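K.L.:
Contents of entry.cif (mmCIF, C-alpha atoms) are below:
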```cif
data_data
#
loop_
_atom_site.group_PDB
_atom_site.id
_atom_site.type_symbol
_atom_site.label_atom_id
_atom_site.label_comp_id
_atom_site.auth_asym_id
_atom_site.auth_seq_id
_atom_site.Cartn_x
_atom_site.Cartn_y
_atom_site.Cartn_z
ATOM 1 C CA MET A 29 106.644 78.144 78.904
ATOM 2 C CA ARG A 30 104.528 79.924 81.507
ATOM 3 C CA THR A 31 100.880 79.092 81.724
ATOM 4 C CA ARG A 32 98.340 81.845 82.259
ATOM 5 C CA ASN A 33 96.551 81.793 85.572
ATOM 6 C CA LEU A 34 93.567 83.907 84.673
ATOM 7 C CA ALA A 35 91.677 83.157 87.886
ATOM 8 C CA GLY A 36 94.579 84.398 90.015
ATOM 9 C CA THR A 37 95.025 87.533 87.932
ATOM 10 C CA ILE A 38 91.348 88.450 88.127
ATOM 11 C CA THR A 39 91.366 87.681 91.859
ATOM 12 C CA TYR A 40 94.216 90.138 92.450
ATOM 13 C CA MET A 41 92.627 92.795 90.256
ATOM 14 C CA SER A 42 89.257 92.507 91.989
ATOM 15 C CA GLY A 43 91.018 92.529 95.366
ATOM 16 C CA TRP A 44 92.559 95.885 94.511
ATOM 17 C CA VAL A 45 89.160 97.126 93.358
ATOM 18 C CA GLY A 46 87.887 96.057 96.784
ATOM 19 C CA VAL A 47 90.690 98.025 98.465
ATOM 20 C CA ILE A 48 89.861 101.165 96.498
ATOM 21 C CA LEU A 49 86.118 100.846 97.087
ATOM 22 C CA SER A 50 86.653 100.157 100.784
ATOM 23 C CA LEU A 51 88.706 103.345 101.033
ATOM 24 C CA ILE A 52 85.872 105.254 99.386
ATOM 25 C CA PHE A 53 82.793 103.655 100.939
ATOM 26 C CA ALA A 54 83.816 101.719 104.077
ATOM 27 C CA VAL A 55 86.014 104.097 106.044
ATOM 28 C CA LEU A 56 83.387 106.495 107.362
ATOM 29 C CA PRO A 57 80.627 103.944 108.133
ATOM 30 C CA GLY A 58 83.140 101.582 109.741
ATOM 31 C CA VAL A 59 84.458 104.284 112.039
ATOM 32 C CA PHE A 60 80.941 105.492 112.892
ATOM 33 C CA VAL A 61 79.680 102.009 113.756
ATOM 34 C CA GLY A 62 82.852 101.229 115.698
ATOM 35 C CA GLY A 63 82.503 104.471 117.648
ATOM 36 C CA TRP A 64 78.883 103.716 118.447
ATOM 37 C CA VAL A 65 79.781 100.233 119.708
ATOM 38 C CA GLY A 66 82.667 101.724 121.691
ATOM 39 C CA LEU A 67 80.273 104.179 123.349
ATOM 40 C CA LYS A 68 77.888 101.370 124.246
ATOM 41 C CA VAL A 69 80.670 99.189 125.689
ATOM 42 C CA SER A 70 82.154 102.106 127.612
ATOM 43 C CA GLY A 71 78.699 102.926 128.964
ATOM 44 C CA LEU A 72 78.324 99.352 130.194
ATOM 45 C CA PHE A 73 81.716 99.371 131.919
ATOM 46 C CA PHE A 74 81.808 102.895 133.370
ATOM 47 C CA GLY A 75 78.185 104.027 133.607
ATOM 48 C CA ALA A 76 75.972 106.131 131.369
ATOM 49 C CA PRO A 77 77.396 109.664 131.747
ATOM 50 C CA LEU A 78 80.937 108.999 130.494
ATOM 51 C CA ASP A 79 83.916 110.948 131.777
ATOM 52 C CA SER A 80 86.769 111.732 129.433
ATOM 53 C CA THR A 81 89.277 109.287 130.891
ATOM 54 C CA ILE A 82 92.073 107.404 129.200
ATOM 55 C CA ALA A 83 90.266 104.055 129.529
ATOM 56 C CA VAL A 84 87.173 105.351 127.732
ATOM 57 C CA LYS A 85 89.296 106.849 124.966
ATOM 58 C CA VAL A 86 91.242 103.601 124.530
ATOM 59 C CA ILE A 87 88.024 101.577 124.297
ATOM 60 C CA MET A 88 86.588 104.046 121.780
ATOM 61 C CA ALA A 89 89.729 104.031 119.624
ATOM 62 C CA THR A 90 89.942 100.236 119.735
ATOM 63 C CA PHE A 91 86.379 99.775 118.558
ATOM 64 C CA MET A 92 86.716 102.468 115.889
ATOM 65 C CA ILE A 93 89.774 100.707 114.457
ATOM 66 C CA TRP A 94 87.987 97.359 114.732
ATOM 67 C CA GLY A 95 84.998 98.760 112.802
ATOM 68 C CA LEU A 96 87.249 100.203 110.117
ATOM 69 C CA LEU A 97 89.166 96.947 109.643
ATOM 70 C CA THR A 98 85.996 94.852 109.615
ATOM 71 C CA ALA A 99 84.263 97.016 107.005
ATOM 72 C CA SER A 100 87.389 97.069 104.835
ATOM 73 C CA ALA A 101 87.862 93.300 105.150
ATOM 74 C CA ILE A 102 84.293 92.688 104.029
ATOM 75 C CA TYR A 103 84.856 94.744 100.882
ATOM 76 C CA ILE A 104 88.269 93.253 100.069
ATOM 77 C CA VAL A 105 87.381 89.611 100.723
ATOM 78 C CA GLY A 106 84.011 89.952 99.023
ATOM 79 C CA PHE A 107 85.431 91.450 95.843
ATOM 80 C CA SER A 108 88.279 88.921 95.808
ATOM 81 C CA LEU A 109 85.849 86.006 96.079
ATOM 82 C CA VAL A 110 83.661 87.377 93.301
ATOM 83 C CA GLY A 111 86.754 87.931 91.142
ATOM 84 C CA PHE A 112 87.990 84.408 91.819
ATOM 85 C CA MET A 113 84.625 82.932 90.861
ATOM 86 C CA ILE A 114 84.476 84.958 87.652
ATOM 87 C CA GLY A 115 88.092 84.103 86.834
ATOM 88 C CA SER A 116 87.484 80.405 87.442
ATOM 89 C CA LEU A 117 84.449 80.444 85.177
ATOM 90 C CA VAL A 118 86.314 82.270 82.415
ATOM 91 C CA GLN A 119 89.378 80.066 82.721
ATOM 92 C CA GLY A 120 87.254 76.925 82.788
ATOM 93 C CA LYS A 121 85.448 77.957 79.595
ATOM 94 C CA GLY A 122 88.741 78.525 77.769
ATOM 95 C CA ASP A 123 90.216 75.130 78.705
ATOM 96 C CA THR A 124 87.431 73.039 77.183
#
```
Would you encode the structure as C-alpha cells?

P.N.:
Amino acid sequence: MRTRNLAGTITYMSGWVGVILSLIFAVLPGVFVGGWVGLKVSGLFFGAPLDSTIAVKVIMATFMIWGLLTASAIYIVGFSLVGFMIGSLVQGKGDT
C-alpha cells in the first residue's frame, strides 16, 4: 500500500506555480537588472563610452542571462519552500 506524501506533492505543485509566476513576473526585471549590471561591468573594463565590440556584447548577454536565472531561481525556490512548509504542517496535523 502506498503512503501519501502530501508535503512532497504540495512542494511540486508550488514549485510549478513558482515557474509560472517567474515566467510572468521575473523575466523582464531579471533581464533589465542583468543588462544594467552588464553595462556597469563593461564600463569598468573598457571605459565609459562603450564601443559595440564582441567582448562587450558577450559580457552583456552573460549578465542578462545571469539576471534572468537568478530572478527565476528566487521565485521557484521561494515558492517550493513555502509549499514544503505548508505541506509539512498539513501532513503533520493529519498524522496526529

K.L.:
In Å, how far is it from atom CA of Ala99 of chain A to atom CA of Val45 of chain A?

P.N.:
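Atom-to-atom, atom CA of Ala99 of chain A to atom CA of Val45 of chain A, that is 14.5 Å.
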
K.L.:
Please provide as a count of residues only all residues within 9 Å of segment 49-54 of chain A, with the sequence filter that same-chain residues fewer than 6 positions apart are discarded (counting only C-alpha atoms).

P.N.:
7

K.L.:
Can you translate the PyMOL selection byres ((chain A and resi 114) around 12) into the concrete residues it hits in this file, as a list of chain:residue names?

P.N.:
A:Leu34, A:Ala35, A:Gly36, A:Thr37, A:Ile38, A:Thr39, A:Met41, A:Ser42, A:Phe107, A:Ser108, A:Leu109, A:Val110, A:Gly111, A:Phe112, A:Met113, A:Gly115, A:Ser116, A:Leu117, A:Val118, A:Gln119, A:Gly120, A:Lys121

K.L.:
Measuring between all atoms listed in the file, which one of A:Gly63, A:Val47, A:Asn33, A:Tyr40 shows the shortest distance to Ala89 of chain A?

P.N.:
A:Gly63

K.L.:
Just how far from atom CA of Val65 of chain A is atom CA of Met88 of chain A, in Å to one decimal?

P.N.:
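Distance between the two atoms: 8.1 Å.
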
K.L.:
If I take atom CA of Gly62 of chain A and atom CA of Thr81 of chain A, how far is one from the other in Å, to one decimal?

P.N.:
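Atom-to-atom, atom CA of Gly62 of chain A to atom CA of Thr81 of chain A, that is 18.4 Å.
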
K.L.:
As JSON, please report the centre and edge lengths, rounded to one decimal in Å, of the axis-aligned box that holds all listed atoms of segment 80-98 of chain A with 8 Å of padding on each of the six sides.

P.N.:
```
{"center_x": 88.5, "center_y": 103.3, "center_z": 120.3, "size_x": 23.1, "size_y": 32.9, "size_z": 37.3}
```

K.L.:
Just checking: using all atoms listed in the file, which residue out of A:Gly75, A:Gly43, A:Gly66, A:Gly106 ends up closest to Thr90 of chain A?

P.N.:
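Of A:Gly75, A:Gly43, A:Gly66, A:Gly106, the one nearest Thr90 of chain A is A:Gly66, counting all atoms listed in the file.
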
K.L.:
With distances taken over all atoms listed in the file, which of A:Leu72, A:Ile48, A:Met92, A:Val105 is nearest to Phe60 of chain A?

P.N.:
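Closest to Phe60 of chain A of all the choices is A:Met92.
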